[in-house]
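Peer 1: Got a file for you: model.cif, mmCIF, C-alpha atoms.
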```cif
data_model
loop_
_atom_site.group_PDB
_atom_site.id
_atom_site.type_symbol
_atom_site.label_atom_id
_atom_site.label_comp_id
_atom_site.auth_asym_id
_atom_site.auth_seq_id
_atom_site.Cartn_x
_atom_site.Cartn_y
_atom_site.Cartn_z
ATOM 1 C CA ILE A 167 102.798 119.468 102.586
ATOM 2 C CA ILE A 168 104.943 116.705 101.107
ATOM 3 C CA ASP A 169 107.902 117.734 103.277
ATOM 4 C CA ARG A 170 105.631 117.566 106.330
ATOM 5 C CA MET A 171 104.421 114.105 105.288
ATOM 6 C CA VAL A 172 108.020 112.933 104.941
ATOM 7 C CA ASP A 173 108.962 114.371 108.332
ATOM 8 C CA PHE A 174 105.962 112.760 110.001
ATOM 9 C CA SER A 175 106.541 109.386 108.356
ATOM 10 C CA ARG A 176 109.993 109.281 109.917
ATOM 11 C CA THR A 177 108.297 109.241 113.354
ATOM 12 C CA VAL A 178 106.374 106.089 112.435
ATOM 13 C CA VAL A 179 108.389 103.108 113.654
ATOM 14 C CA PRO A 180 107.543 99.529 112.666
ATOM 15 C CA GLY A 181 106.916 97.455 115.770
ATOM 16 C CA GLU A 182 106.270 100.541 117.909
ATOM 17 C CA ASN A 183 103.482 102.547 116.286
ATOM 18 C CA LEU A 184 103.110 100.563 113.054
ATOM 19 C CA GLY A 185 102.137 96.915 113.081
ATOM 20 C CA SER A 186 103.168 94.145 110.759
ATOM 21 C CA VAL A 187 101.468 93.147 107.537
ATOM 22 C CA ILE A 188 99.507 89.904 107.477
ATOM 23 C CA SER A 189 102.014 87.508 105.888
ATOM 24 C CA LYS A 190 105.353 87.023 104.166
ATOM 25 C CA ALA A 191 103.529 87.041 100.832
ATOM 26 C CA ALA A 192 101.913 90.405 101.677
ATOM 27 C CA LYS A 193 105.300 91.882 102.653
ATOM 28 C CA GLU A 194 106.857 90.669 99.404
ATOM 29 C CA ARG A 195 103.914 91.953 97.363
ATOM 30 C CA ILE A 196 104.002 95.421 98.964
ATOM 31 C CA GLU A 197 107.772 95.710 98.617
ATOM 32 C CA GLY A 198 107.400 94.564 94.996
ATOM 33 C CA TYR A 199 105.061 97.488 94.315
ATOM 34 C CA ILE A 200 107.641 99.898 95.749
ATOM 35 C CA THR A 201 110.439 98.379 93.660
ATOM 36 C CA GLN A 202 108.304 98.482 90.511
ATOM 37 C CA ALA A 203 107.424 102.141 91.092
ATOM 38 C CA GLU A 204 111.109 102.956 91.368
ATOM 39 C CA LYS A 205 111.840 101.027 88.134
ATOM 40 C CA ASP A 206 108.979 102.906 86.438
ATOM 41 C CA GLY A 207 110.566 106.271 87.277
ATOM 42 C CA ALA A 208 108.818 107.301 90.488
ATOM 43 C CA THR A 209 110.813 108.897 93.299
ATOM 44 C CA ILE A 210 110.965 107.042 96.616
ATOM 45 C CA LEU A 211 110.961 109.784 99.268
ATOM 46 C CA VAL A 212 110.632 107.414 102.229
ATOM 47 C CA ASP A 213 111.481 103.746 101.725
ATOM 48 C CA GLY A 214 109.861 101.139 103.967
ATOM 49 C CA ARG A 215 111.385 98.096 102.270
ATOM 50 C CA GLY A 216 113.512 95.814 104.394
ATOM 51 C CA ALA A 217 112.109 97.008 107.709
ATOM 52 C CA THR A 218 113.068 94.853 110.675
ATOM 53 C CA VAL A 219 112.027 94.974 114.296
ATOM 54 C CA GLU A 220 114.480 93.986 117.004
ATOM 55 C CA GLY A 221 113.410 90.722 118.557
ATOM 56 C CA LYS A 222 111.024 90.067 115.663
ATOM 57 C CA GLU A 223 113.491 89.796 112.797
ATOM 58 C CA ASN A 224 111.377 87.132 111.094
ATOM 59 C CA GLY A 225 108.251 89.301 111.262
ATOM 60 C CA TYR A 226 106.477 90.780 108.267
ATOM 61 C CA TYR A 227 107.124 94.492 108.601
ATOM 62 C CA VAL A 228 107.027 97.186 105.941
ATOM 63 C CA GLY A 229 107.905 100.696 107.027
ATOM 64 C CA PRO A 230 106.043 103.806 105.938
ATOM 65 C CA THR A 231 106.687 104.598 102.295
ATOM 66 C CA ILE A 232 106.076 107.768 100.314
ATOM 67 C CA ILE A 233 106.397 107.620 96.548
ATOM 68 C CA ASP A 234 106.396 110.838 94.503
ATOM 69 C CA ASN A 235 106.110 111.509 90.775
ATOM 70 C CA VAL A 236 103.723 108.611 90.300
ATOM 71 C CA THR A 237 101.732 108.462 87.065
ATOM 72 C CA PRO A 238 98.221 106.990 86.808
ATOM 73 C CA ASN A 239 99.428 104.008 84.777
ATOM 74 C CA MET A 240 101.909 102.809 87.430
ATOM 75 C CA SER A 241 100.848 99.812 89.493
ATOM 76 C CA VAL A 242 101.151 101.831 92.738
ATOM 77 C CA ALA A 243 98.430 104.102 91.337
ATOM 78 C CA SER A 244 96.260 101.589 89.508
ATOM 79 C CA GLU A 245 96.145 98.723 92.021
ATOM 80 C CA GLU A 246 95.194 98.517 95.689
ATOM 81 C CA ILE A 247 98.385 97.964 97.697
ATOM 82 C CA PHE A 248 96.968 97.415 101.207
ATOM 83 C CA GLY A 249 100.194 98.499 102.880
ATOM 84 C CA PRO A 250 101.742 101.603 104.459
ATOM 85 C CA VAL A 251 102.386 103.276 101.103
ATOM 86 C CA ILE A 252 101.341 106.733 99.885
ATOM 87 C CA SER A 253 101.582 107.399 96.163
ATOM 88 C CA ILE A 254 101.665 111.029 95.065
ATOM 89 C CA ILE A 255 100.271 111.828 91.631
ATOM 90 C CA ARG A 256 100.707 115.446 90.631
ATOM 91 C CA ALA A 257 98.051 117.268 88.601
ATOM 92 C CA LYS A 258 98.267 120.704 86.992
ATOM 93 C CA ASP A 259 94.725 121.667 88.014
ATOM 94 C CA ILE A 260 91.428 120.431 89.458
ATOM 95 C CA ASP A 261 90.145 119.200 86.109
ATOM 96 C CA GLU A 262 93.215 117.017 85.595
ATOM 97 C CA ALA A 263 92.971 115.756 89.181
ATOM 98 C CA LEU A 264 89.325 114.768 88.645
ATOM 99 C CA THR A 265 90.202 113.080 85.355
ATOM 100 C CA ILE A 266 92.862 111.038 87.161
ATOM 101 C CA GLU A 267 90.543 110.182 90.062
ATOM 102 C CA ASN A 268 87.622 109.258 87.834
ATOM 103 C CA GLY A 269 89.914 107.178 85.610
ATOM 104 C CA SER A 270 90.722 104.808 88.459
ATOM 105 C CA ASN A 271 89.032 101.422 88.577
ATOM 106 C CA TYR A 272 88.622 101.940 92.300
ATOM 107 C CA GLY A 273 86.593 104.409 94.261
ATOM 108 C CA ASN A 274 86.466 103.809 97.982
ATOM 109 C CA ALA A 275 87.251 107.326 99.085
ATOM 110 C CA ALA A 276 88.532 110.719 98.039
ATOM 111 C CA ALA A 277 89.396 113.832 99.995
ATOM 112 C CA VAL A 278 89.689 117.509 99.150
ATOM 113 C CA PHE A 279 91.329 120.163 101.287
ATOM 114 C CA THR A 280 90.093 123.653 100.473
ATOM 115 C CA GLN A 281 88.767 126.904 101.901
ATOM 116 C CA SER A 282 86.311 127.153 99.018
ATOM 117 C CA GLY A 283 82.846 125.750 99.587
ATOM 118 C CA LYS A 284 82.216 126.011 95.848
ATOM 119 C CA LEU A 285 85.268 123.873 95.060
ATOM 120 C CA ALA A 286 84.348 121.321 97.729
ATOM 121 C CA LYS A 287 80.860 120.999 96.240
ATOM 122 C CA GLU A 288 82.289 120.593 92.735
ATOM 123 C CA ILE A 289 84.592 117.787 93.899
ATOM 124 C CA MET A 290 81.757 116.094 95.778
ATOM 125 C CA GLU A 291 79.586 116.169 92.654
ATOM 126 C CA LYS A 292 82.230 115.091 90.146
ATOM 127 C CA ALA A 293 84.494 112.608 91.959
ATOM 128 C CA SER A 294 83.699 108.926 91.521
ATOM 129 C CA ALA A 295 84.140 107.808 95.117
ATOM 130 C CA GLY A 296 81.938 106.217 97.724
ATOM 131 C CA MET A 297 83.026 108.603 100.458
ATOM 132 C CA ILE A 298 84.359 112.108 99.957
ATOM 133 C CA GLY A 299 85.977 113.929 102.837
ATOM 134 C CA VAL A 300 86.149 117.711 102.903
ATOM 135 C CA ASN A 301 89.076 119.016 104.936
ATOM 136 C CA ILE A 302 89.547 115.613 106.573
ATOM 137 C CA GLY A 303 91.629 112.623 105.581
ATOM 138 C CA VAL A 304 89.994 109.441 104.419
ATOM 139 C CA PRO A 305 86.410 109.493 105.682
ATOM 140 C CA VAL A 306 85.607 106.440 107.751
ATOM 141 C CA PRO A 307 82.201 104.759 107.486
ATOM 142 C CA ARG A 308 80.172 104.330 110.629
ATOM 143 C CA GLU A 309 77.166 102.142 111.261
ATOM 144 C CA PRO A 310 74.462 104.634 110.256
ATOM 145 C CA PHE A 311 76.083 105.295 106.870
ATOM 146 C CA SER A 312 76.046 103.070 103.831
ATOM 147 C CA PHE A 313 79.375 101.899 102.448
ATOM 148 C CA GLY A 314 80.469 98.991 100.357
ATOM 149 C CA GLY A 315 82.834 100.616 97.908
ATOM 150 C CA TRP A 316 82.395 101.944 94.408
ATOM 151 C CA ASN A 317 83.650 100.698 91.077
ATOM 152 C CA ASP A 318 86.045 97.744 91.470
ATOM 153 C CA SER A 319 86.459 98.483 95.185
ATOM 154 C CA LYS A 320 83.002 97.091 95.854
ATOM 155 C CA PHE A 321 82.974 94.056 98.105
ATOM 156 C CA GLY A 322 80.252 91.552 97.361
ATOM 157 C CA VAL A 323 76.971 92.595 95.820
ATOM 158 C CA GLY A 324 75.887 95.415 98.111
ATOM 159 C CA ASP A 325 76.922 97.831 100.777
ATOM 160 C CA ILE A 326 77.767 96.439 104.193
ATOM 161 C CA THR A 327 75.838 98.778 106.445
ATOM 162 C CA GLY A 328 73.204 100.411 104.260
ATOM 163 C CA ARG A 329 70.042 99.388 102.415
ATOM 164 C CA SER A 330 71.510 96.040 101.291
ATOM 165 C CA SER A 331 71.996 94.960 104.903
ATOM 166 C CA ILE A 332 68.444 95.920 105.802
ATOM 167 C CA GLU A 333 67.051 94.100 102.763
ATOM 168 C CA PHE A 334 69.171 91.042 103.591
#
```
Show how you would write the structure in this file as structure tokens.
Peer 2:
Amino acid sequence: IIDRMVDFSRTVVPGENLGSVISKAAKERIEGYITQAEKDGATILVDGRGATVEGKENGYYVGPTIIDNVTPNMSVASEEIFGPVISIIRAKDIDEALTIENGSNYGNAAAVFTQSGKLAKEIMEKASAGMIGVNIGVPVPREPFSFGGWNDSKFGVGDITGRSSIEF
């Protein structure tokens, strides 16, 4: 699956099907995370640093980036990057994967891909995440469903579309 991710990421072109980041500071911050991961021993499979778009050379573009061999203590795993960066943390089994996931300060979303309903249920019960997708990528909240983040991902004091909104 990682090879397929790498192949697909090479079809993502800044300025064509990937927009810019919000500011120069954001570009520098995101590229700093990538550089730090490399210094910390991670493997950069696809490097989006230094991306430029013809005719928009002064724009704030970061290309798709895939970082492998990330450990939970690296900043690309322990902080929210808000850029086109995927960090791959390898786990020897489901228990280790859940330990890593539940050890994060954040908890917006998690996803599990499996043919086992039993495993999907176990992940849904044990993962500390506000949204858990089964056989889909990151689940996206819609208006009838509550979401405001879990753990340190929470924004404000309540969820944005659930009970807190109604009470407000």
Peer 1: Got a sec: who's within 9 Å of segment 192-196 of chain A, counting all atoms listed in the file, leaving out chain neighbours fewer than 6 positions off, as a ChimeraX atom specification?
Peer 2: /A:186,215,226-228,247-251
Peer 1: Name the closest residue to Gly269 of chain A among the candidates A:Lys205, A:Lys190, A:Arg170, A:Lys292; distances are taken between atoms, counting all atoms listed in the file.
Peer 2: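 That would be A:Lys292, the residue with the smallest distance to Gly269 of chain A.
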Peer 1: Counting all atoms listed in the file, what is within 10 Å of Ala276 of chain A, bar same-chain residues fewer than 5 positions away, as a list in words?
Peer 2: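 In the requested format, the answer is Glu267, Ile289, Met290, Ala293, Ser294, Ala295, Gly296, Met297, Ile298, Gly299, Val300, Ile302, Gly303, Val304 and Pro305 of chain A.
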Peer 1: I'd like the contact shell of Pro230 of chain A - 12 Å cut-off, all atoms listed in the file, skipping same-chain residues fewer than 5 positions apart - returned as a PyMOL selection string.
Peer 2: chain A and resi 171-181+183-187+196-197+200+210-217+249-253
Peer 1: Which one is closest to Gly198 of chain A: A:Glu223, A:Gly229, A:Ser241, A:Asn235? Count all atoms listed in the file.
Peer 2: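 Among A:Glu223, A:Gly229, A:Ser241, A:Asn235, it is A:Ser241 that comes nearest to Gly198 of chain A.
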Peer 1: Provide segment 253-303 of chain A of the preceding structure as a file containing N, CA and C atoms, as an mmCIF file, in the first residue's frame.
Peer 2:
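Listed below is the output, part17.cif:
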```
data_model
loop_
_atom_site.group_PDB
_atom_site.id
_atom_site.type_symbol
_atom_site.label_atom_id
_atom_site.label_comp_id
_atom_site.auth_asym_id
_atom_site.auth_seq_id
_atom_site.Cartn_x
_atom_site.Cartn_y
_atom_site.Cartn_z
ATOM 1 N N SER A 253 2.568 10.844 7.617
ATOM 2 C CA SER A 253 3.599 10.212 8.435
ATOM 3 C C SER A 253 3.204 8.767 8.685
ATOM 4 N N ILE A 254 4.107 7.849 8.382
ATOM 5 C CA ILE A 254 3.823 6.427 8.552
ATOM 6 C C ILE A 254 4.548 5.921 9.797
ATOM 7 N N ILE A 255 3.761 5.458 10.750
ATOM 8 C CA ILE A 255 4.298 4.830 11.958
ATOM 9 C C ILE A 255 3.977 3.350 11.845
ATOM 10 N N ARG A 256 4.977 2.529 11.933
ATOM 11 C CA ARG A 256 4.773 1.084 11.812
ATOM 12 C C ARG A 256 4.555 0.470 13.191
ATOM 13 N N ALA A 257 3.633 -0.490 13.253
ATOM 14 C CA ALA A 257 3.340 -1.195 14.504
ATOM 15 C C ALA A 257 3.391 -2.689 14.225
ATOM 16 N N LYS A 258 3.825 -3.461 15.227
ATOM 17 C CA LYS A 258 3.960 -4.910 15.015
ATOM 18 C C LYS A 258 2.622 -5.627 15.065
ATOM 19 N N ASP A 259 1.627 -5.026 15.736
ATOM 20 C CA ASP A 259 0.311 -5.649 15.823
ATOM 21 C C ASP A 259 -0.738 -4.603 16.206
ATOM 22 N N ILE A 260 -1.983 -5.059 16.295
ATOM 23 C CA ILE A 260 -3.098 -4.150 16.606
ATOM 24 C C ILE A 260 -2.941 -3.529 17.984
ATOM 25 N N ASP A 261 -2.505 -4.306 18.954
ATOM 26 C CA ASP A 261 -2.344 -3.753 20.300
ATOM 27 C C ASP A 261 -1.333 -2.612 20.317
ATOM 28 N N GLU A 262 -0.209 -2.793 19.622
ATOM 29 C CA GLU A 262 0.781 -1.714 19.570
ATOM 30 C C GLU A 262 0.219 -0.510 18.817
ATOM 31 N N ALA A 263 -0.514 -0.754 17.744
ATOM 32 C CA ALA A 263 -1.117 0.349 16.991
ATOM 33 C C ALA A 263 -2.086 1.140 17.863
ATOM 34 N N LEU A 264 -2.903 0.450 18.645
ATOM 35 C CA LEU A 264 -3.839 1.139 19.543
ATOM 36 C C LEU A 264 -3.096 1.899 20.644
ATOM 37 N N THR A 265 -2.020 1.329 21.141
ATOM 38 C CA THR A 265 -1.223 2.020 22.154
ATOM 39 C C THR A 265 -0.666 3.320 21.580
ATOM 40 N N ILE A 266 -0.170 3.263 20.346
ATOM 41 C CA ILE A 266 0.352 4.460 19.691
ATOM 42 C C ILE A 266 -0.769 5.475 19.486
ATOM 43 N N GLU A 267 -1.887 5.035 18.954
ATOM 44 C CA GLU A 267 -3.009 5.944 18.679
ATOM 45 C C GLU A 267 -3.524 6.569 19.970
ATOM 46 N N ASN A 268 -3.715 5.772 20.983
ATOM 47 C CA ASN A 268 -4.258 6.285 22.238
ATOM 48 C C ASN A 268 -3.245 7.117 23.013
ATOM 49 N N GLY A 269 -1.962 7.017 22.663
ATOM 50 C CA GLY A 269 -0.934 7.813 23.309
ATOM 51 C C GLY A 269 -0.817 9.219 22.743
ATOM 52 N N SER A 270 -1.490 9.475 21.640
ATOM 53 C CA SER A 270 -1.434 10.794 21.018
ATOM 54 C C SER A 270 -2.254 11.794 21.829
ATOM 55 N N ASN A 271 -1.784 13.032 21.848
ATOM 56 C CA ASN A 271 -2.554 14.093 22.500
ATOM 57 C C ASN A 271 -3.769 14.493 21.676
ATOM 58 N N TYR A 272 -3.795 14.056 20.428
ATOM 59 C CA TYR A 272 -4.863 14.457 19.528
ATOM 60 C C TYR A 272 -5.796 13.285 19.267
ATOM 61 N N GLY A 273 -6.936 13.573 18.696
ATOM 62 C CA GLY A 273 -7.871 12.492 18.457
ATOM 63 C C GLY A 273 -9.017 12.863 17.557
ATOM 64 N N ASN A 274 -8.734 13.593 16.489
ATOM 65 C CA ASN A 274 -9.812 13.945 15.569
ATOM 66 C C ASN A 274 -10.417 12.720 14.918
ATOM 67 N N ALA A 275 -9.570 11.898 14.302
ATOM 68 C CA ALA A 275 -10.101 10.794 13.522
ATOM 69 C C ALA A 275 -9.111 9.646 13.460
ATOM 70 N N ALA A 276 -9.658 8.467 13.246
ATOM 71 C CA ALA A 276 -8.857 7.266 13.020
ATOM 72 C C ALA A 276 -9.581 6.466 11.954
ATOM 73 N N ALA A 277 -8.858 5.566 11.314
ATOM 74 C CA ALA A 277 -9.468 4.709 10.309
ATOM 75 C C ALA A 277 -8.854 3.326 10.399
ATOM 76 N N VAL A 278 -9.674 2.318 10.140
ATOM 77 C CA VAL A 278 -9.201 0.940 10.098
ATOM 78 C C VAL A 278 -9.704 0.318 8.801
ATOM 79 N N PHE A 279 -8.831 -0.411 8.147
ATOM 80 C CA PHE A 279 -9.192 -1.120 6.927
ATOM 81 C C PHE A 279 -9.083 -2.606 7.224
ATOM 82 N N THR A 280 -10.198 -3.310 7.147
ATOM 83 C CA THR A 280 -10.222 -4.718 7.527
ATOM 84 C C THR A 280 -11.403 -5.422 6.884
ATOM 85 N N GLN A 281 -11.312 -6.743 6.799
ATOM 86 C CA GLN A 281 -12.447 -7.560 6.370
ATOM 87 C C GLN A 281 -13.119 -8.190 7.580
ATOM 88 N N SER A 282 -12.591 -7.912 8.757
ATOM 89 C CA SER A 282 -13.097 -8.507 9.987
ATOM 90 C C SER A 282 -14.001 -7.530 10.738
ATOM 91 N N GLY A 283 -15.263 -7.864 10.831
ATOM 92 C CA GLY A 283 -16.183 -7.052 11.616
ATOM 93 C C GLY A 283 -15.786 -7.019 13.081
ATOM 94 N N LYS A 284 -15.279 -8.120 13.592
ATOM 95 C CA LYS A 284 -14.841 -8.189 14.985
ATOM 96 C C LYS A 284 -13.695 -7.211 15.244
ATOM 97 N N LEU A 285 -12.728 -7.173 14.325
ATOM 98 C CA LEU A 285 -11.597 -6.258 14.482
ATOM 99 C C LEU A 285 -12.068 -4.812 14.377
ATOM 100 N N ALA A 286 -12.933 -4.524 13.431
ATOM 101 C CA ALA A 286 -13.457 -3.163 13.280
ATOM 102 C C ALA A 286 -14.137 -2.716 14.565
ATOM 103 N N LYS A 287 -14.940 -3.581 15.155
ATOM 104 C CA LYS A 287 -15.633 -3.242 16.401
ATOM 105 C C LYS A 287 -14.639 -2.994 17.528
ATOM 106 N N GLU A 288 -13.600 -3.824 17.598
ATOM 107 C CA GLU A 288 -12.580 -3.651 18.638
ATOM 108 C C GLU A 288 -11.896 -2.287 18.499
ATOM 109 N N ILE A 289 -11.542 -1.918 17.285
ATOM 110 C CA ILE A 289 -10.896 -0.623 17.048
ATOM 111 C C ILE A 289 -11.855 0.507 17.428
ATOM 112 N N MET A 290 -13.104 0.389 17.018
ATOM 113 C CA MET A 290 -14.082 1.429 17.324
ATOM 114 C C MET A 290 -14.261 1.605 18.828
ATOM 115 N N GLU A 291 -14.167 0.523 19.575
ATOM 116 C CA GLU A 291 -14.346 0.598 21.028
ATOM 117 C C GLU A 291 -13.108 1.087 21.754
ATOM 118 N N LYS A 292 -11.924 0.816 21.212
ATOM 119 C CA LYS A 292 -10.690 1.091 21.943
ATOM 120 C C LYS A 292 -9.928 2.329 21.477
ATOM 121 N N ALA A 293 -10.154 2.798 20.268
ATOM 122 C CA ALA A 293 -9.407 3.957 19.771
ATOM 123 C C ALA A 293 -9.955 5.239 20.387
ATOM 124 N N SER A 294 -9.063 6.140 20.737
ATOM 125 C CA SER A 294 -9.447 7.424 21.307
ATOM 126 C C SER A 294 -9.504 8.454 20.185
ATOM 127 N N ALA A 295 -10.615 8.435 19.456
ATOM 128 C CA ALA A 295 -10.782 9.358 18.331
ATOM 129 C C ALA A 295 -12.242 9.751 18.224
ATOM 130 N N GLY A 296 -12.458 10.975 17.787
ATOM 131 C CA GLY A 296 -13.811 11.489 17.653
ATOM 132 C C GLY A 296 -14.597 10.847 16.530
ATOM 133 N N MET A 297 -13.915 10.474 15.467
ATOM 134 C CA MET A 297 -14.548 9.823 14.332
ATOM 135 C C MET A 297 -13.686 8.631 13.953
ATOM 136 N N ILE A 298 -14.296 7.508 13.724
ATOM 137 C CA ILE A 298 -13.550 6.315 13.328
ATOM 138 C C ILE A 298 -14.173 5.765 12.060
ATOM 139 N N GLY A 299 -13.378 5.754 10.998
ATOM 140 C CA GLY A 299 -13.845 5.239 9.725
ATOM 141 C C GLY A 299 -13.493 3.773 9.597
ATOM 142 N N VAL A 300 -14.409 2.988 9.082
ATOM 143 C CA VAL A 300 -14.158 1.580 8.802
ATOM 144 C C VAL A 300 -14.175 1.413 7.292
ATOM 145 N N ASN A 301 -13.031 1.025 6.757
ATOM 146 C CA ASN A 301 -12.846 0.823 5.321
ATOM 147 C C ASN A 301 -13.107 2.084 4.493
ATOM 148 N N ILE A 302 -12.896 3.231 5.118
ATOM 149 C CA ILE A 302 -12.899 4.520 4.422
ATOM 150 C C ILE A 302 -11.736 5.325 4.986
ATOM 151 N N GLY A 303 -11.333 6.348 4.260
ATOM 152 C CA GLY A 303 -10.281 7.220 4.769
ATOM 153 C C GLY A 303 -10.806 8.024 5.940
#
```
